[in-house]
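For reference, data39.pdb (PDB, C-alpha atoms and all ligand atoms):
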ATOM      1  CA  MET A   1    -192.730  31.550-177.443
ATOM      2  CA  LYS A   2    -193.048  34.480-179.859
ATOM      3  CA  GLN A   3    -196.151  36.199-178.547
ATOM      4  CA  PHE A   4    -198.401  36.188-175.532
ATOM      5  CA  THR A   5    -201.731  37.825-176.164
ATOM      6  CA  GLN A   6    -204.242  35.168-175.042
ATOM      7  CA  VAL A   7    -204.585  31.787-173.341
ATOM      8  CA  ALA A   8    -204.281  29.984-176.692
ATOM      9  CA  ASP A   9    -200.645  31.132-176.845
ATOM     10  CA  LEU A  10    -199.894  28.628-174.057
ATOM     11  CA  PRO A  11    -199.908  25.162-175.624
ATOM     12  CA  ASN A  12    -200.603  23.492-172.254
ATOM     13  CA  LEU A  13    -202.103  25.593-169.469
ATOM     14  CA  GLU A  14    -201.567  22.946-166.774
ATOM     15  CA  VAL A  15    -197.841  22.839-167.545
ATOM     16  CA  ALA A  16    -197.689  26.665-167.532
ATOM     17  CA  ILE A  17    -199.350  26.787-164.099
ATOM     18  CA  GLN A  18    -196.835  24.279-162.724
ATOM     19  CA  GLU A  19    -194.025  26.353-164.203
ATOM     20  CA  ALA A  20    -195.435  29.493-162.574
ATOM     21  CA  ILE A  21    -195.498  27.724-159.207
ATOM     22  CA  THR A  22    -191.813  26.838-159.561
ATOM     23  CA  VAL A  23    -190.992  30.415-160.608
ATOM     24  CA  LYS A  24    -192.763  31.663-157.484
ATOM     25  CA  LYS A  25    -190.792  29.298-155.243
ATOM     26  CA  ALA A  26    -187.407  30.283-156.677
ATOM     27  CA  PRO A  27    -187.709  33.626-158.493
ATOM     28  CA  PHE A  28    -183.985  34.325-158.931
ATOM     29  CA  ILE A  29    -182.617  31.069-160.324
ATOM     30  CA  HIS A  30    -183.020  32.096-163.971
ATOM     31  CA  GLN A  31    -181.071  35.353-163.797
ATOM     32  CA  HIS A  32    -178.627  34.112-166.446
ATOM     33  CA  LEU A  33    -181.443  34.036-169.013
ATOM     34  CA  GLY A  34    -181.908  37.804-168.982
ATOM     35  CA  LYS A  35    -178.250  38.834-168.902
ATOM     36  CA  ASN A  36    -177.613  41.541-171.536
ATOM     37  CA  LYS A  37    -181.273  41.412-172.544
ATOM     38  CA  THR A  38    -183.651  44.367-172.475
ATOM     39  CA  LEU A  39    -187.375  44.357-171.829
ATOM     40  CA  GLY A  40    -189.308  47.305-173.273
ATOM     41  CA  LEU A  41    -192.684  48.271-171.842
ATOM     42  CA  VAL A  42    -194.853  50.634-173.876
ATOM     43  CA  PHE A  43    -197.963  52.133-172.310
ATOM     44  CA  MET A  44    -200.781  53.949-174.044
ATOM     45  CA  ASN A  45    -202.797  54.107-170.826
ATOM     46  CA  PRO A  46    -202.205  54.442-167.097
ATOM     47  CA  SER A  47    -200.853  51.453-165.228
ATOM     48  CA  LEU A  48    -199.775  50.611-161.711
ATOM     49  CA  ARG A  49    -199.685  46.824-161.276
ATOM     50  CA  THR A  50    -198.783  45.925-164.833
ATOM     51  CA  ARG A  51    -195.950  48.414-165.012
ATOM     52  CA  LEU A  52    -194.379  47.581-161.653
ATOM     53  CA  SER A  53    -194.928  43.805-161.751
ATOM     54  CA  SER A  54    -193.494  43.639-165.286
ATOM     55  CA  GLN A  55    -190.441  45.635-164.231
ATOM     56  CA  VAL A  56    -189.868  43.366-161.248
ATOM     57  CA  ALA A  57    -190.445  40.227-163.358
ATOM     58  CA  GLY A  58    -187.835  41.365-165.880
ATOM     59  CA  GLN A  59    -185.373  42.313-163.137
ATOM     60  CA  ASN A  60    -185.872  38.951-161.401
ATOM     61  CA  LEU A  61    -184.745  37.344-164.666
ATOM     62  CA  GLY A  62    -181.670  39.567-164.890
ATOM     63  CA  MET A  63    -183.063  41.824-167.644
ATOM     64  CA  SER A  64    -182.711  45.574-168.001
ATOM     65  CA  VAL A  65    -186.130  47.196-168.263
ATOM     66  CA  ILE A  66    -187.086  50.394-170.084
ATOM     67  CA  VAL A  67    -190.526  51.988-169.954
ATOM     68  CA  LEU A  68    -192.144  54.444-172.357
ATOM     69  CA  ASN A  69    -195.491  56.118-171.693
ATOM     70  CA  ILE A  70    -195.818  56.665-175.397
ATOM     71  CA  THR A  71    -198.997  58.744-175.472
ATOM     72  CA  LYS A  72    -197.598  61.220-172.938
ATOM     73  CA  GLU A  73    -193.891  61.213-173.761
ATOM     74  CA  GLY A  74    -193.645  60.151-177.411
ATOM     75  CA  TRP A  75    -194.674  61.866-180.631
ATOM     76  CA  GLN A  76    -198.371  61.856-181.397
ATOM     77  CA  LEU A  77    -198.956  58.589-183.235
ATOM     78  CA  GLU A  78    -200.868  57.983-186.439
ATOM     79  CA  THR A  79    -202.515  54.560-186.236
ATOM     80  CA  GLN A  80    -204.356  54.422-189.591
ATOM     81  CA  ASP A  81    -202.538  53.062-192.620
ATOM     82  CA  GLY A  82    -202.170  54.950-195.875
ATOM     83  CA  VAL A  83    -203.074  58.439-194.613
ATOM     84  CA  VAL A  84    -201.371  61.643-195.692
ATOM     85  CA  MET A  85    -199.688  62.697-192.459
ATOM     86  CA  ASN A  86    -200.012  66.445-192.823
ATOM     87  CA  GLY A  87    -202.027  66.913-189.620
ATOM     88  CA  ASP A  88    -201.019  66.875-185.971
ATOM     89  CA  LYS A  89    -199.687  63.275-185.861
ATOM     90  CA  ALA A  90    -195.901  63.313-186.190
ATOM     91  CA  GLU A  91    -195.065  59.595-186.336
ATOM     92  CA  HIS A  92    -196.706  56.482-187.703
ATOM     93  CA  VAL A  93    -197.210  53.706-185.181
ATOM     94  CA  LYS A  94    -195.506  51.170-187.457
ATOM     95  CA  ASP A  95    -192.327  53.247-187.558
ATOM     96  CA  ALA A  96    -192.389  53.790-183.803
ATOM     97  CA  ILE A  97    -192.845  50.058-183.160
ATOM     98  CA  GLY A  98    -190.115  49.091-185.604
ATOM     99  CA  VAL A  99    -187.726  51.517-183.923
ATOM    100  CA  ILE A 100    -188.502  50.323-180.393
ATOM    101  CA  GLY A 101    -187.898  46.774-181.646
ATOM    102  CA  GLN A 102    -184.313  47.795-182.482
ATOM    103  CA  TYR A 103    -183.616  48.575-178.824
ATOM    104  CA  VAL A 104    -185.256  45.706-176.956
ATOM    105  CA  ASP A 105    -185.300  41.899-176.962
ATOM    106  CA  ILE A 106    -188.873  41.524-175.727
ATOM    107  CA  LEU A 107    -191.597  44.145-176.009
ATOM    108  CA  GLY A 108    -194.692  44.553-173.827
ATOM    109  CA  VAL A 109    -197.525  46.809-174.920
ATOM    110  CA  ARG A 110    -200.654  48.148-173.288
ATOM    111  CA  SER A 111    -203.304  49.356-175.686
ATOM    112  CA  PHE A 112    -206.861  50.085-174.603
ATOM    113  CA  PRO A 113    -210.150  50.094-176.497
ATOM    114  CA  LYS A 114    -211.707  53.419-177.424
ATOM    115  CA  LEU A 115    -215.160  51.939-176.649
ATOM    116  CA  GLU A 116    -216.635  53.766-179.644
ATOM    117  CA  ASN A 117    -216.680  51.096-182.325
ATOM    118  CA  ALA A 118    -216.793  47.392-181.462
ATOM    119  CA  GLN A 119    -215.413  46.288-184.802
ATOM    120  CA  GLU A 120    -212.426  48.587-184.499
ATOM    121  CA  ASP A 121    -211.612  47.597-180.900
ATOM    122  CA  TYR A 122    -212.194  43.878-181.489
ATOM    123  CA  SER A 123    -209.911  43.936-184.562
ATOM    124  CA  GLU A 124    -207.017  44.551-182.087
ATOM    125  CA  LYS A 125    -205.218  46.575-184.759
ATOM    126  CA  ILE A 126    -202.702  48.195-182.404
ATOM    127  CA  LEU A 127    -201.720  44.944-180.700
ATOM    128  CA  LEU A 128    -201.452  43.136-184.036
ATOM    129  CA  ASP A 129    -199.360  46.013-185.433
ATOM    130  CA  PHE A 130    -196.953  45.492-182.538
ATOM    131  CA  VAL A 131    -196.752  41.760-183.292
ATOM    132  CA  LYS A 132    -196.233  42.541-186.989
ATOM    133  CA  TYR A 133    -193.681  45.346-186.821
ATOM    134  CA  ALA A 134    -191.721  44.805-183.570
ATOM    135  CA  GLY A 135    -189.461  42.050-184.917
ATOM    136  CA  VAL A 136    -189.145  40.728-181.331
ATOM    137  CA  PRO A 137    -191.515  38.701-179.103
ATOM    138  CA  VAL A 138    -194.503  40.739-177.921
ATOM    139  CA  VAL A 139    -196.394  40.465-174.618
ATOM    140  CA  SER A 140    -199.840  41.999-174.237
ATOM    141  CA  LEU A 141    -199.996  44.146-171.114
ATOM    142  CA  GLU A 142    -203.794  44.434-171.656
ATOM    143  CA  SER A 143    -205.168  45.011-175.095
ATOM    144  CA  ALA A 144    -208.542  46.242-176.320
ATOM    145  CA  THR A 145    -210.229  42.891-175.696
ATOM    146  CA  ARG A 146    -208.014  40.852-173.345
ATOM    147  CA  HIS A 147    -205.803  41.060-170.263
ATOM    148  CA  PRO A 148    -204.002  37.703-170.350
ATOM    149  CA  LEU A 149    -201.362  38.422-167.677
ATOM    150  CA  GLN A 150    -204.149  39.300-165.252
ATOM    151  CA  SER A 151    -206.078  36.127-166.079
ATOM    152  CA  PHE A 152    -202.951  33.982-165.750
ATOM    153  CA  ALA A 153    -202.361  35.519-162.279
ATOM    154  CA  ASP A 154    -206.027  34.950-161.414
ATOM    155  CA  VAL A 155    -205.930  31.281-162.410
ATOM    156  CA  LEU A 156    -202.779  30.828-160.363
ATOM    157  CA  THR A 157    -204.469  32.480-157.367
ATOM    158  CA  ILE A 158    -207.495  30.200-157.662
ATOM    159  CA  GLU A 159    -205.261  27.127-157.955
ATOM    160  CA  GLU A 160    -203.425  28.184-154.796
ATOM    161  CA  HIS A 161    -206.608  28.761-152.768
ATOM    162  CA  LYS A 162    -209.117  26.206-154.018
ATOM    163  CA  LYS A 163    -210.176  23.542-151.521
ATOM    164  CA  ILE A 164    -211.759  21.180-154.049
ATOM    165  CA  ALA A 165    -210.548  20.039-157.463
ATOM    166  CA  LYS A 166    -213.408  21.680-159.359
ATOM    167  CA  PRO A 167    -214.407  24.867-157.534
ATOM    168  CA  LYS A 168    -217.399  26.997-158.457
ATOM    169  CA  VAL A 169    -216.102  30.319-159.799
ATOM    170  CA  VAL A 170    -218.535  33.184-160.372
ATOM    171  CA  LEU A 171    -217.760  36.255-162.453
ATOM    172  CA  THR A 172    -220.161  38.970-161.334
ATOM    173  CA  TRP A 173    -220.756  42.317-163.010
ATOM    174  CA  SER A 174    -220.679  45.219-160.536
ATOM    175  CA  PRO A 175    -221.722  48.830-161.038
ATOM    176  CA  HIS A 176    -219.276  51.613-161.912
ATOM    177  CA  PRO A 177    -219.570  55.322-162.714
ATOM    178  CA  ARG A 178    -217.510  55.086-165.940
ATOM    179  CA  ALA A 179    -217.674  52.929-169.050
ATOM    180  CA  LEU A 180    -214.937  50.294-168.710
ATOM    181  CA  PRO A 181    -213.485  47.821-171.230
ATOM    182  CA  GLN A 182    -214.597  44.193-171.511
ATOM    183  CA  ALA A 183    -210.944  43.082-171.596
ATOM    184  CA  VAL A 184    -210.700  41.748-168.040
ATOM    185  CA  PRO A 185    -214.002  39.794-168.052
ATOM    186  CA  ASN A 186    -213.432  38.531-171.639
ATOM    187  CA  SER A 187    -210.039  37.230-170.696
ATOM    188  CA  PHE A 188    -211.139  35.832-167.352
ATOM    189  CA  ALA A 189    -213.962  33.925-169.076
ATOM    190  CA  GLU A 190    -211.589  32.608-171.717
ATOM    191  CA  TRP A 191    -209.156  31.303-169.076
ATOM    192  CA  MET A 192    -211.924  29.878-166.899
ATOM    193  CA  ASN A 193    -213.194  27.942-169.910
ATOM    194  CA  ALA A 194    -209.702  26.506-170.334
ATOM    195  CA  MET A 195    -209.832  25.180-166.754
ATOM    196  CA  ASP A 196    -211.965  22.335-165.464
ATOM    197  CA  TYR A 197    -214.006  24.545-163.105
ATOM    198  CA  GLU A 198    -217.711  25.145-162.653
ATOM    199  CA  PHE A 199    -217.842  28.629-164.156
ATOM    200  CA  VAL A 200    -220.867  30.930-163.964
ATOM    201  CA  ILE A 201    -221.245  34.518-165.183
ATOM    202  CA  THR A 202    -223.900  36.790-163.708
ATOM    203  CA  HIS A 203    -224.858  40.262-164.905
ATOM    204  CA  PRO A 204    -227.931  42.357-165.639
ATOM    205  CA  LYS A 205    -229.569  41.749-169.033
ATOM    206  CA  GLY A 206    -227.749  43.625-171.794
ATOM    207  CA  TYR A 207    -224.284  42.990-170.408
ATOM    208  CA  GLU A 208    -223.690  39.739-172.323
ATOM    209  CA  LEU A 209    -220.047  39.466-173.376
ATOM    210  CA  HIS A 210    -218.929  38.500-176.880
ATOM    211  CA  GLU A 211    -219.685  34.777-177.260
ATOM    212  CA  ALA A 212    -216.205  34.031-178.569
ATOM    213  CA  PHE A 213    -214.994  34.574-175.000
ATOM    214  CA  THR A 214    -217.795  33.055-172.954
ATOM    215  CA  GLN A 215    -218.327  29.991-175.200
ATOM    216  CA  ASN A 216    -220.165  27.407-173.116
ATOM    217  CA  ALA A 217    -219.982  29.291-169.807
ATOM    218  CA  LYS A 218    -223.227  29.309-167.858
ATOM    219  CA  ILE A 219    -224.930  32.710-167.746
ATOM    220  CA  GLU A 220    -227.244  33.110-164.751
ATOM    221  CA  TYR A 221    -229.217  36.342-164.576
ATOM    222  CA  ASP A 222    -230.469  35.565-161.055
ATOM    223  CA  ARG A 223    -227.587  36.897-158.998
ATOM    224  CA  GLN A 224    -228.462  35.027-155.815
ATOM    225  CA  LYS A 225    -228.691  31.705-157.688
ATOM    226  CA  ALA A 226    -225.314  32.371-159.277
ATOM    227  CA  PHE A 227    -223.698  33.142-155.916
ATOM    228  CA  GLU A 228    -225.139  30.070-154.161
ATOM    229  CA  GLY A 229    -222.388  27.533-153.430
ATOM    230  CA  ALA A 230    -219.685  29.707-155.012
ATOM    231  CA  ASP A 231    -216.090  29.160-153.878
ATOM    232  CA  PHE A 232    -214.765  32.284-155.627
ATOM    233  CA  ILE A 233    -216.552  35.550-156.412
ATOM    234  CA  TYR A 234    -214.734  37.570-159.071
ATOM    235  CA  ALA A 235    -216.219  41.064-159.326
ATOM    236  CA  LYS A 236    -215.677  43.368-162.289
ATOM    237  CA  ASN A 237    -217.506  46.110-164.069
ATOM    238  CA  TRP A 238    -217.658  46.252-167.843
ATOM    239  CA  SER A 239    -219.581  48.341-170.310
ATOM    240  CA  SER A 240    -222.096  46.728-172.650
ATOM    241  CA  PHE A 241    -220.705  44.824-175.636
ATOM    242  CA  HIS A 242    -223.946  44.632-177.631
ATOM    243  CA  ASP A 243    -224.876  48.277-176.978
ATOM    244  CA  TYR A 244    -221.224  48.991-177.444
ATOM    245  CA  GLY A 245    -219.417  50.912-174.724
ATOM    246  CA  LYS A 246    -222.644  52.012-173.023
ATOM    247  CA  ILE A 247    -223.489  52.067-169.317
ATOM    248  CA  LEU A 248    -226.906  50.370-169.118
ATOM    249  CA  SER A 249    -227.171  50.088-165.340
ATOM    250  CA  GLN A 250    -225.748  51.602-162.181
ATOM    251  CA  ASP A 251    -227.858  49.310-160.005
ATOM    252  CA  ALA A 252    -226.276  49.447-156.526
ATOM    253  CA  THR A 253    -227.900  46.139-155.539
ATOM    254  CA  TRP A 254    -225.144  44.553-157.694
ATOM    255  CA  THR A 255    -222.413  45.849-155.367
ATOM    256  CA  VAL A 256    -220.769  42.841-153.708
ATOM    257  CA  ASP A 257    -221.528  43.119-149.981
ATOM    258  CA  GLN A 258    -221.663  40.874-146.902
ATOM    259  CA  LYS A 259    -225.265  39.923-147.606
ATOM    260  CA  SER A 260    -224.475  38.581-151.077
ATOM    261  CA  MET A 261    -221.290  36.871-149.838
ATOM    262  CA  GLN A 262    -223.435  35.005-147.293
ATOM    263  CA  TRP A 263    -225.168  33.186-150.190
ATOM    264  CA  THR A 264    -221.814  31.624-151.129
ATOM    265  CA  ASN A 265    -219.788  28.721-149.791
ATOM    266  CA  GLN A 266    -217.611  31.121-147.745
ATOM    267  CA  ALA A 267    -216.230  32.272-151.067
ATOM    268  CA  HIS A 268    -212.997  34.109-151.605
ATOM    269  CA  PHE A 269    -213.431  37.574-153.054
ATOM    270  CA  MET A 270    -211.359  38.569-156.112
ATOM    271  CA  HIS A 271    -210.857  41.740-158.153
ATOM    272  CA  CYS A 272    -208.084  42.745-160.549
ATOM    273  CA  LEU A 273    -207.826  46.320-159.193
ATOM    274  CA  PRO A 274    -208.000  49.286-159.422
ATOM    275  CA  VAL A 275    -211.291  49.046-157.565
ATOM    276  CA  ARG A 276    -213.891  51.662-156.676
ATOM    277  CA  ARG A 277    -214.538  50.814-153.046
ATOM    278  CA  ASN A 278    -218.169  50.788-151.942
ATOM    279  CA  VAL A 279    -219.253  50.868-155.592
ATOM    280  CA  ILE A 280    -217.893  47.531-156.871
ATOM    281  CA  VAL A 281    -217.521  45.975-153.411
ATOM    282  CA  THR A 282    -218.028  47.106-149.843
ATOM    283  CA  ASP A 283    -215.047  47.724-147.563
ATOM    284  CA  ASP A 284    -215.998  44.906-145.203
ATOM    285  CA  VAL A 285    -215.810  42.330-148.027
ATOM    286  CA  ILE A 286    -212.655  43.584-149.736
ATOM    287  CA  ASP A 287    -210.888  43.968-146.368
ATOM    288  CA  SER A 288    -212.061  40.586-145.058
ATOM    289  CA  PRO A 289    -209.751  37.566-144.668
ATOM    290  CA  GLN A 290    -211.583  36.019-147.656
ATOM    291  CA  SER A 291    -210.298  38.722-149.981
ATOM    292  CA  LEU A 292    -207.496  37.695-152.375
ATOM    293  CA  ILE A 293    -206.773  41.066-153.997
ATOM    294  CA  LEU A 294    -203.165  41.275-152.800
ATOM    295  CA  GLU A 295    -202.469  37.635-153.660
ATOM    296  CA  GLN A 296    -203.730  38.351-157.186
ATOM    297  CA  ALA A 297    -201.519  41.433-157.422
ATOM    298  CA  LYS A 298    -198.520  39.426-156.168
ATOM    299  CA  ASN A 299    -199.151  36.808-158.835
ATOM    300  CA  ARG A 300    -198.967  39.470-161.554
ATOM    301  CA  THR A 301    -195.182  39.327-161.162
ATOM    302  CA  ILE A 302    -195.268  35.546-161.402
ATOM    303  CA  SER A 303    -197.420  35.392-164.534
ATOM    304  CA  MET A 304    -195.198  37.926-166.325
ATOM    305  CA  GLN A 305    -192.020  36.240-165.147
ATOM    306  CA  THR A 306    -193.221  32.855-166.413
ATOM    307  CA  ILE A 307    -194.002  34.313-169.847
ATOM    308  CA  LEU A 308    -190.701  36.236-170.028
ATOM    309  CA  LYS A 309    -188.767  33.145-168.981
ATOM    310  CA  ARG A 310    -190.288  31.147-171.837
ATOM    311  CA  MET A 311    -189.558  33.900-174.324
ATOM    312  CA  LEU A 312    -185.961  34.285-173.124
ATOM    313  CA  GLU A 313    -185.432  30.521-173.413
ATOM    314  CA  ASN A 314    -186.381  30.773-177.080
ATOM    315  CA  LEU A 315    -184.550  33.922-178.118
TER     316      LEU A 315
HETATM  317  C1  LIG A 401    -209.226  48.997-166.332
HETATM  318  C2  LIG A 401    -210.236  48.048-166.914
HETATM  319  O1  LIG A 401    -209.940  47.399-167.934
HETATM  320  O2  LIG A 401    -211.338  47.937-166.389
HETATM  321  C3  LIG A 401    -207.980  48.286-165.897
HETATM  322  C4  LIG A 401    -208.144  46.986-165.202
HETATM  323  C5  LIG A 401    -206.871  46.242-165.005
HETATM  324  N1  LIG A 401    -209.799  49.695-165.215
HETATM  325  C6  LIG A 401    -210.080  50.986-165.257
HETATM  326  O3  LIG A 401    -209.871  51.617-166.277
HETATM  327  C7  LIG A 401    -210.652  51.649-164.012
HETATM  328  C8  LIG A 401    -210.823  53.105-164.214
HETATM  329  C9  LIG A 401    -211.692  53.783-163.164
HETATM  330  O4  LIG A 401    -212.050  54.915-163.417
HETATM  331  O5  LIG A 401    -212.030  53.206-162.114
END
Kindly present the structure from the file in structure tokens form.
Amino acid sequence: MKQFTQVADLPNLEVAIQEAITVKKAPFIHQHLGKNKTLGLVFMNPSLRTRLSSQVAGQNLGMSVIVLNITKEGWQLETQDGVVMNGDKAEHVKDAIGVIGQYVDILGVRSFPKLENAQEDYSEKILLDFVKYAGVPVVSLESATRHPLQSFADVLTIEEHKKIAKPKVVLTWSPHPRALPQAVPNSFAEWMNAMDYEFVITHPKGYELHEAFTQNAKIEYDRQKAFEGADFIYAKNWSSFHDYGKILSQDATWTVDQKSMQWTNQAHFMHCLPVRRNVIVTDDVIDSPQSLILEQAKNRTISMQTILKRMLENL
């Protein structure tokens, strides 16, 4: 495996899930794979779960792990090609990536969208530059348009907690004070479409995601109808894709609360975190026994470890 940036990078998702389950059962049996190997993690944005779970995943496989918060600790990076670099940017991103590739065997990168220009963000230039110039396998630690390690952990969590073969999974938009990326919902939709689930997305009008990600997912604007019979409620805020990067609604009736959870089939509650409590979801729901937020976070180590294991096996 040379890159992991989306679900399509896994040739067989069912096999990958089974592999993840075995990794979870015996996390230390592949330590030989990572001996004398270094994992590099480059962040352009803040991170808690991704950083720590990736470090632990690498360590569980016997790897050394190095982390660089490149926007805070590195030189200011030029990301455009062909510019005369006589301004404030000291280093071109392609040189920085090439150099980091000399020091590591596998490279993870977190790049975020700017949420200013859809075409620019959806071109995934930074992520693709990493794939192009690193010279080593690259793992996306959340890019402008996807968060595949999160979705892999989410699928694993659903598989572990579902009571029927084909559960009803609902992705619901929730309000938020800031404009957030579409990466988590895009990715979640993409992975849900790869599973044989009943998958429904609900959001206020104007929050339609890019169709490449939702494909044939059902979009139900009536929130109560969407929630009815749900086995899993996955809450997330995102900014508008079509009115790019804009906040179109702060409607507090979209906060997931006990009343809306009562429409469901005693659904589990899910969120990728970080979460704005009592904005996205009320305390009583997120702190209830139905909440899977810590299980999801736990599975972040497992999804990364499964990907790293595959990459190490092919080095
Ligand atoms: C990120 C997002 O993509 O929505 C990371 C999710 C894994 N979340 C945020 O940036 C939240 C920031 C905030 O102000 O609450």
Exercise. Do a neighbour search on Phe241 in chain A at 8 Å with all atoms listed in the file, toss out local chain neighbours closer than 4 positions, and write the hits as a list in words.
Key: Ala118, Gln182, Tyr207, Glu208, Leu209, His210, Gly245 and Lys246 of chain A
Exercise. Return as a list in words every polymer residue, whether protein, DNA or RNA, with at least one atom no more than 7 Å from an atom of ligand LIG 401 (chain A); count only C-alpha atoms and all ligand atoms.
Key: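 So the residues close to ligand LIG 401 (chain A) are Arg178, Leu180, Pro181, Gln182, Ala183, Val184, Asn237, Trp238, Cys272, Leu273, Pro274, Val275 and Arg276 of chain A.
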Self-check item: Among the residues A:Ile293, A:Leu312, A:Ile126, A:Ala20, the one that comes closest to Glu159 in chain A [using only C-alpha atoms]
Solution: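 Once distances to Glu159 in chain A are computed over only C-alpha atoms, the minimum belongs to A:Ala20.
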Quiz item: Any idea what the distance is between CA of Tyr244 in chain A and CA of Asn45 in chain A?
Solution: 20.2 Å
Quiz item: Residues at most 10 Å from Phe4 in chain A, counting all atoms listed in the file, excluding those fewer than 4 positions away in the same chain, as a ChimeraX atom specification?
Solution: /A:8-10,108,131,137-141,148-149,304,307-308,311
Practice problem: Give the answer as one residue: which of A:Asn186, A:Thr306, A:Ser111, A:Ser288 has the shortest atom-to-atom distance to Arg146 in chain A, using all atoms listed in the file? | Solution: A:Asn186
Practice problem: List, as number ranges by chain, every residue that the PyMOL selection byres (((chain A and resi 94) around 9) and not hetatm) selects in the file provided. | Solution: A: 78-79, 81, 91-93, 95-99, 129-130, 132-134
Self-check item: Separation of CA of Lys166 in chain A from CA of Thr5 in chain A, in Å and rounded to one decimal
Solution: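 For CA of Lys166 in chain A relative to CA of Thr5 in chain A, the distance reads 26.1 Å.
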Quiz prompt | Nearby residues (all atoms listed in the file) at most 12 Å from Gln266 in chain A, same-chain spacing under 2 positions excluded, as a list in words | solution =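 The neighbour list is Lys162, Lys163, Lys168, Phe227, Glu228, Gly229, Ala230, Asp231, Phe232, Ile233, Gln258, Lys259, Ser260, Met261, Gln262, Trp263, Thr264, His268, Phe269, Val285, Ser288, Pro289, Gln290 and Ser291 of chain A.
Considering the residues A:Ser174, A:Gln305, A:Asn216, A:Thr50 and counting all atoms listed in the file, Trp254 in chain A has its shortest atom-to-atom contact with A:Ser174.
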Missing atoms in range 223-228 of chain A need filling: write out all heavy atoms for it as a compact mmCIF listing (two decimals), keeping the file's coordinate frame.
# COMPACT_ATOMS: atom_id res chain seq x y z
N ARG A 223 -228.87 36.73 -159.67
CA ARG A 223 -227.59 36.90 -159.00
C ARG A 223 -227.45 35.97 -157.79
O ARG A 223 -226.40 35.38 -157.56
CB ARG A 223 -227.47 38.37 -158.59
CG ARG A 223 -226.15 38.76 -158.04
CD ARG A 223 -226.04 40.28 -158.09
NE ARG A 223 -224.93 40.75 -157.31
CZ ARG A 223 -225.02 41.13 -156.04
NH1 ARG A 223 -226.19 41.10 -155.43
NH2 ARG A 223 -223.96 41.54 -155.39
N GLN A 224 -228.53 35.87 -157.01
CA GLN A 224 -228.46 35.03 -155.82
C GLN A 224 -228.20 33.56 -156.19
O GLN A 224 -227.36 32.90 -155.57
CB GLN A 224 -229.75 35.15 -155.00
CG GLN A 224 -229.70 34.28 -153.74
CD GLN A 224 -230.77 34.61 -152.72
OE1 GLN A 224 -231.47 35.63 -152.84
NE2 GLN A 224 -230.91 33.76 -151.72
N LYS A 225 -228.90 33.09 -157.23
CA LYS A 225 -228.69 31.70 -157.69
C LYS A 225 -227.24 31.50 -158.12
O LYS A 225 -226.63 30.46 -157.84
CB LYS A 225 -229.62 31.42 -158.88
CG LYS A 225 -230.79 30.55 -158.53
CD LYS A 225 -231.39 29.98 -159.79
CE LYS A 225 -232.89 29.79 -159.57
NZ LYS A 225 -233.64 29.90 -160.82
N ALA A 226 -226.71 32.48 -158.81
CA ALA A 226 -225.31 32.37 -159.28
C ALA A 226 -224.36 32.28 -158.09
O ALA A 226 -223.43 31.47 -158.09
CB ALA A 226 -224.95 33.58 -160.15
N PHE A 227 -224.61 33.09 -157.07
CA PHE A 227 -223.70 33.14 -155.92
C PHE A 227 -223.78 31.88 -155.05
O PHE A 227 -222.82 31.54 -154.36
CB PHE A 227 -224.02 34.36 -155.04
CG PHE A 227 -223.31 35.64 -155.46
CD1 PHE A 227 -223.38 36.09 -156.77
CD2 PHE A 227 -222.60 36.40 -154.55
CE1 PHE A 227 -222.74 37.28 -157.16
CE2 PHE A 227 -221.96 37.58 -154.91
CZ PHE A 227 -222.03 38.02 -156.22
N GLU A 228 -224.94 31.21 -155.07
CA GLU A 228 -225.14 30.07 -154.16
C GLU A 228 -224.10 28.98 -154.41
O GLU A 228 -223.93 28.51 -155.53
CB GLU A 228 -226.56 29.52 -154.31
CG GLU A 228 -227.53 30.30 -153.42
CD GLU A 228 -229.01 30.11 -153.74
OE1 GLU A 228 -229.33 29.24 -154.57
OE2 GLU A 228 -229.83 30.85 -153.16
